[in-house]
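Source file: query.tsv (TSV, C-alpha atoms and all ligand atoms)
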chain	number	residue	atom	x	y	z
A	340	MET	CA	118.73	99.75	60.81
A	341	ALA	CA	117.51	97.27	58.24
A	342	THR	CA	118.52	93.67	58.77
A	343	PRO	CA	118.40	91.06	56.04
A	344	ALA	CA	115.88	88.29	56.65
A	345	VAL	CA	118.55	85.77	55.69
A	346	ASP	CA	122.28	85.87	55.01
A	347	TRP	CA	121.80	85.08	51.36
A	348	PHE	CA	122.46	88.61	50.20
A	349	THR	CA	124.40	91.72	51.05
A	350	THR	CA	122.80	95.12	51.45
A	351	GLY	CA	123.96	98.64	50.66
A	352	PRO	CA	124.03	100.61	47.43
A	353	GLU	CA	125.21	97.59	45.45
A	354	PRO	CA	123.58	94.55	47.03
A	355	ALA	CA	124.52	91.08	45.82
A	356	LEU	CA	123.32	87.55	46.36
A	357	VAL	CA	125.80	85.44	48.27
A	358	GLY	CA	126.21	81.99	46.80
A	359	SER	CA	128.89	79.38	47.26
A	360	THR	CA	131.73	78.18	45.10
A	361	CYS	CA	133.10	74.66	45.46
A	362	THR	CA	136.80	74.98	46.29
A	363	HIS	CA	137.44	71.73	44.41
A	364	CYS	CA	135.71	72.20	41.04
A	365	GLY	CA	134.45	75.79	41.07
A	366	THR	CA	130.74	74.93	40.77
A	367	HIS	CA	128.53	77.78	41.97
A	368	ALA	CA	125.39	77.27	44.00
A	369	PHE	CA	122.59	79.43	45.30
A	370	PRO	CA	121.34	79.20	48.00
A	371	PRO	CA	124.88	78.59	49.29
A	372	GLU	CA	125.89	74.94	49.51
A	373	THR	CA	127.20	73.69	52.84
A	374	THR	CA	127.38	69.91	52.55
A	375	PHE	CA	127.99	68.32	49.15
A	376	CYS	CA	128.93	69.82	45.79
A	377	LYS	CA	126.06	69.97	43.28
A	378	ASN	CA	128.39	68.67	40.61
A	379	PRO	CA	127.76	64.90	40.54
A	380	ALA	CA	131.31	64.30	39.30
A	381	CYS	CA	132.84	66.17	42.24
A	382	SER	CA	133.34	65.02	45.80
A	383	GLY	CA	134.11	68.51	47.10
A	384	GLU	CA	132.81	69.36	50.56
A	385	GLU	CA	134.38	72.78	51.06
A	386	PHE	CA	132.83	75.97	49.81
A	387	ALA	CA	133.75	79.62	49.64
A	388	ALA	CA	131.13	82.35	49.90
A	389	THR	CA	130.86	84.18	46.60
A	390	GLU	CA	129.00	87.32	45.61
A	391	LEU	CA	127.05	86.52	42.47
A	392	SER	CA	126.42	88.76	39.47
A	393	ARG	CA	124.14	91.68	40.29
A	394	ARG	CA	122.55	91.52	36.86
A	395	GLY	CA	121.03	88.70	34.93
A	396	ARG	CA	118.52	87.95	32.22
A	397	VAL	CA	114.93	86.91	32.64
A	398	TRP	CA	114.70	83.17	32.07
A	399	SER	CA	111.02	82.91	32.89
A	400	TYR	CA	108.41	84.83	34.84
A	401	THR	CA	104.90	84.66	36.16
A	402	ASP	CA	102.54	86.45	38.45
A	403	ALA	CA	101.34	84.91	41.67
A	404	GLN	CA	97.59	85.16	41.26
A	405	TYR	CA	96.91	83.24	44.45
A	406	GLN	CA	98.17	84.23	47.85
A	407	PRO	CA	101.08	81.97	48.78
A	408	PRO	CA	100.85	80.10	52.11
A	409	PRO	CA	102.78	81.25	55.20
A	410	PRO	CA	105.55	82.21	55.81
A	411	TYR	CA	104.58	84.54	52.96
A	412	ILE	CA	103.22	87.76	54.45
A	413	PRO	CA	100.76	89.57	52.22
A	414	ARG	CA	101.66	93.21	51.77
A	415	THR	CA	98.14	94.24	50.98
A	416	ASP	CA	94.70	93.27	52.18
A	417	PRO	CA	92.99	92.15	50.04
A	418	TYR	CA	95.88	90.31	48.45
A	419	GLU	CA	97.25	91.75	45.22
A	420	PRO	CA	99.10	89.54	42.74
A	421	PHE	CA	102.81	90.20	42.37
A	422	ALA	CA	105.30	89.18	39.72
A	423	LEU	CA	108.01	86.55	40.13
A	424	ALA	CA	111.01	86.24	37.86
A	425	ALA	CA	113.47	83.39	37.37
A	426	VAL	CA	116.71	85.08	36.40
A	427	GLU	CA	119.71	83.46	34.79
A	428	LEU	CA	123.05	84.75	36.02
A	429	ASP	CA	126.42	84.57	34.27
A	430	GLU	CA	127.37	81.88	36.77
A	431	GLY	CA	124.79	79.64	35.08
A	432	LEU	CA	122.39	79.70	38.00
A	433	VAL	CA	118.71	80.54	37.76
A	434	VAL	CA	117.54	82.47	40.81
A	435	LEU	CA	113.88	83.04	41.58
A	436	GLY	CA	112.76	86.27	43.14
A	437	GLN	CA	109.93	88.74	43.36
A	438	VAL	CA	109.96	91.63	40.96
A	439	ALA	CA	110.77	95.06	42.40
A	440	ASP	CA	108.05	97.26	43.82
A	441	GLY	CA	106.17	99.11	41.13
A	442	TYR	CA	106.87	96.52	38.43
A	443	GLY	CA	104.70	93.70	37.14
A	444	VAL	CA	104.66	91.04	34.45
A	445	ALA	CA	104.00	93.76	31.84
A	446	ASP	CA	107.51	95.08	32.53
A	447	LEU	CA	109.16	91.70	31.97
A	448	LYS	CA	110.33	89.94	28.85
A	449	VAL	CA	112.31	86.72	28.48
A	450	GLY	CA	115.93	87.68	27.88
A	451	ALA	CA	115.51	91.19	29.29
A	452	GLU	CA	118.13	92.39	31.73
A	453	VAL	CA	117.25	92.80	35.39
A	454	GLU	CA	119.23	94.05	38.34
A	455	LEU	CA	119.26	92.91	41.95
A	456	VAL	CA	117.76	95.31	44.47
A	457	VAL	CA	117.03	94.87	48.17
A	458	GLU	CA	113.67	96.14	49.35
A	459	PRO	CA	111.75	96.15	52.62
A	460	LEU	CA	109.62	93.07	53.16
A	461	TYR	CA	107.93	93.73	56.48
A	462	VAL	CA	108.61	94.94	60.01
A	463	ASP	CA	108.78	92.15	62.57
A	464	GLU	CA	107.47	92.11	66.18
A	465	ASP	CA	110.72	93.68	67.42
A	466	GLY	CA	110.34	96.58	65.02
A	467	GLU	CA	113.17	95.30	62.83
A	468	GLU	CA	112.73	95.91	59.16
A	469	ARG	CA	113.13	92.70	57.20
A	470	THR	CA	114.33	92.90	53.64
A	471	VAL	CA	114.29	90.69	50.59
A	472	TRP	CA	116.07	90.68	47.25
A	473	ARG	CA	114.01	91.50	44.22
A	474	TRP	CA	114.64	91.73	40.49
A	475	LYS	CA	114.26	95.16	38.98
A	476	PRO	CA	113.93	95.54	35.21
A	477	VAL	CA	116.82	97.54	33.77
A	478	GLN	CA	115.56	100.50	31.76
A	479	SER	CA	116.15	100.85	28.06
A	480	VAL	CA	115.97	97.16	27.15
A	481	GLU	CA	115.27	97.86	23.47
A	482	PRO	CA	117.92	96.35	21.21
A	483	HIS	CA	120.26	98.90	19.69
A	484	SER	CA	122.13	98.36	16.45
A	485	SER	CA	124.76	100.90	17.40
A	486	VAL	CA	127.65	100.03	19.66
A	487	GLU	CA	127.78	103.63	20.88
A	488	PRO	CA	126.86	104.11	24.51
A	489	VAL	CA	123.17	104.85	24.73
A	490	GLU	CA	121.94	107.57	27.03
A	491	THR	CA	119.50	106.27	29.56
A	492	ILE	CA	116.22	108.11	29.41
A	493	GLU	CA	115.03	109.34	32.78
A	494	THR	CA	111.59	107.95	33.44
A	495	GLY	CA	110.79	110.19	36.34
A	496	GLU	CA	110.83	107.28	38.74
A	497	SER	CA	109.70	108.57	42.10
A	498	LYS	CA	110.19	105.86	44.66
B	1	ZN	ZN	132.71	70.63	43.31

Since I need it in another form, could you write the structure as C-alpha cells?
Amino acid sequence: MATPAVDWFTTGPEPALVGSTCTHCGTHAFPPETTFCKNPACSGEEFAATELSRRGRVWSYTDAQYQPPPPYIPRTDPYEPFALAAVELDEGLVVLGQVADGYGVADLKVGAEVELVVEPLYVDEDGEERTVWRWKPVQSVEPHSSVEPVETIETGESK
C-alpha cells in the first residue's frame, strides 16, 4: 500500500493538499502552520487542518536543469531535467511542485489550469512506495468564447 512521504496531502482518487487555517482570522497556510499565524496582524496560535483547492493556475514555472542536492532522489541515471510549477490556489497561496509524469515546460503556460495528482516518488529500503504531489496540466486550456460546456477531447493518454 502506498504511503505518503509526508502528511501534507491526502491520497485516493481525489487527492488534496492539507494546509492549515487560523481559527482566529482564517488565514490559510501551506505547509500547515503549527506555531504562529502568518498574518502579522493576528496573534492566533490555533489552526485547523484544511484541504486546499485541488486545482489552481500556473503562477510561474521552470525546469530543473541541474540535479537538485539530496534528499532529492534522481529518477533517472543520467539525470533528466524535470519541470516545476508554482501554482496559485483560490486560497491565495502559491504552492510549488513538480509537474506530473509525462509533462514538461512545453505543456505549461502562466495562467493555465492545473490539477493536483499524487504519483509514486520512489520505493524506500522497507519496500514502501513513497509518493509526492505533482501538478498535472488540465486538458483543453484554450480559451472558449462560448459559455456552453465544452467536450473534453480524449488525447489517448496511456499512463
Ligand atoms: Zn490568524

Taking only C-alpha atoms and all ligand atoms and a cut-off of 6 Å, can you tell me which residues surround ligand ZN 1 (chain B), written as a PyMOL selection string? chain A and resi 361+363-366+376+378+381+383

Please report the interatomic distance between atom CA of A:Arg473 and atom CA of A:Phe386 in Å with one decimal.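 Separation between atom CA of A:Arg473 and atom CA of A:Phe386: 25.0 Å.
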
Atom CA of A:Val471 to atom CA of A:Glu452: how many Å, to one decimal? 19.3 Å

Pick out the residues sitting within 10 Å of A:Val457, and hand them over as a list in words; count all atoms listed in the file, and ignore anything fewer than 6 positions along from it in its own chain. Pro343, Phe348, Thr349, Thr350, Gly351, Pro352, Glu353, Pro354, Ala355, Leu356, Ala439, Thr470, Val471, Trp472, Arg473, Trp474 and Lys475 of chain A

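Nearest to A:Ser392 of all the residues A:Asp346, A:Asp440, A:Glu427, A:Glu372 is A:Glu427, counting only C-alpha atoms.
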
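Here the question is which of A:Gln437, A:Pro370, A:Gly443, A:Val453 gets nearest to A:Tyr411 using only C-alpha atoms, and that residue is A:Gln437.
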
Residues near A:Gly431, cut-off 10 Å, all atoms listed in the file, skip fewer than 3 positions along chain, as a VMD selection string: chain A and resid 366 to 368 395 426 to 428 434

So the first atom is atom CA of A:Arg393 and the second is atom CA of A:Asp463; what is the distance between them in Å, to one decimal place?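 We find that atom CA of A:Arg393 and atom CA of A:Asp463 lie 27.1 Å from each other.
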
Go through stretch 390-426 of chain A residue by residue and, counting all atoms listed in the file, keep those with an atom at most 10 Å from stretch 445-448 of chain A; for each kept residue give the shortest atom pair and its distance in Å to one decimal, ordered by chain and increasing number, as CSV.
residue,atom,partner,partner_atom,distance
A:Arg396,CA,A:Lys448,CA,9.1
A:Val397,CA,A:Lys448,CA,6.7
A:Trp398,CA,A:Lys448,CA,8.7
A:Ser399,CA,A:Lys448,CA,8.1
A:Tyr400,CA,A:Leu447,CA,7.5
A:Thr401,CA,A:Leu447,CA,9.2
A:Asp402,CA,A:Ala445,CA,10.0
A:Ala422,CA,A:Leu447,CA,9.0
A:Leu423,CA,A:Leu447,CA,9.7
A:Ala424,CA,A:Leu447,CA,8.2

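Between A:Pro459 and the residues A:Ala387, A:Ala403, A:Arg414, A:Pro371, the shortest atom-to-atom distance, using only C-alpha atoms, involves A:Arg414.
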
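At a cut-off of 6 Å from (128.5, 84.9, 45.1), the residue set is Leu356, Val357, Gly358, Ser359, Thr389, Glu390 and Leu391 of chain A (counting only C-alpha atoms).
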
For A:Thr415, list every protein, DNA or RNA residue within 12 Å, evaluated using only C-alpha atoms, and leave out those in the same chain fewer than 3 positions away; present the list as a list of chain:residue names. A:Gln406, A:Tyr411, A:Ile412, A:Tyr418, A:Glu419, A:Pro420, A:Phe421, A:Leu460, A:Tyr461

File dump, residues just selected, C-alpha atoms, as a compact mmCIF listing (two decimals), in the frame of the given file:
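Contents of the output file out32.txt:
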# COMPACT_ATOMS: atom_id res chain seq x y z
CA GLN A 406 98.17 84.23 47.85
CA TYR A 411 104.58 84.54 52.96
CA ILE A 412 103.22 87.76 54.45
CA TYR A 418 95.88 90.31 48.45
CA GLU A 419 97.25 91.75 45.22
CA PRO A 420 99.10 89.54 42.74
CA PHE A 421 102.81 90.20 42.37
CA LEU A 460 109.62 93.07 53.16
CA TYR A 461 107.93 93.73 56.48
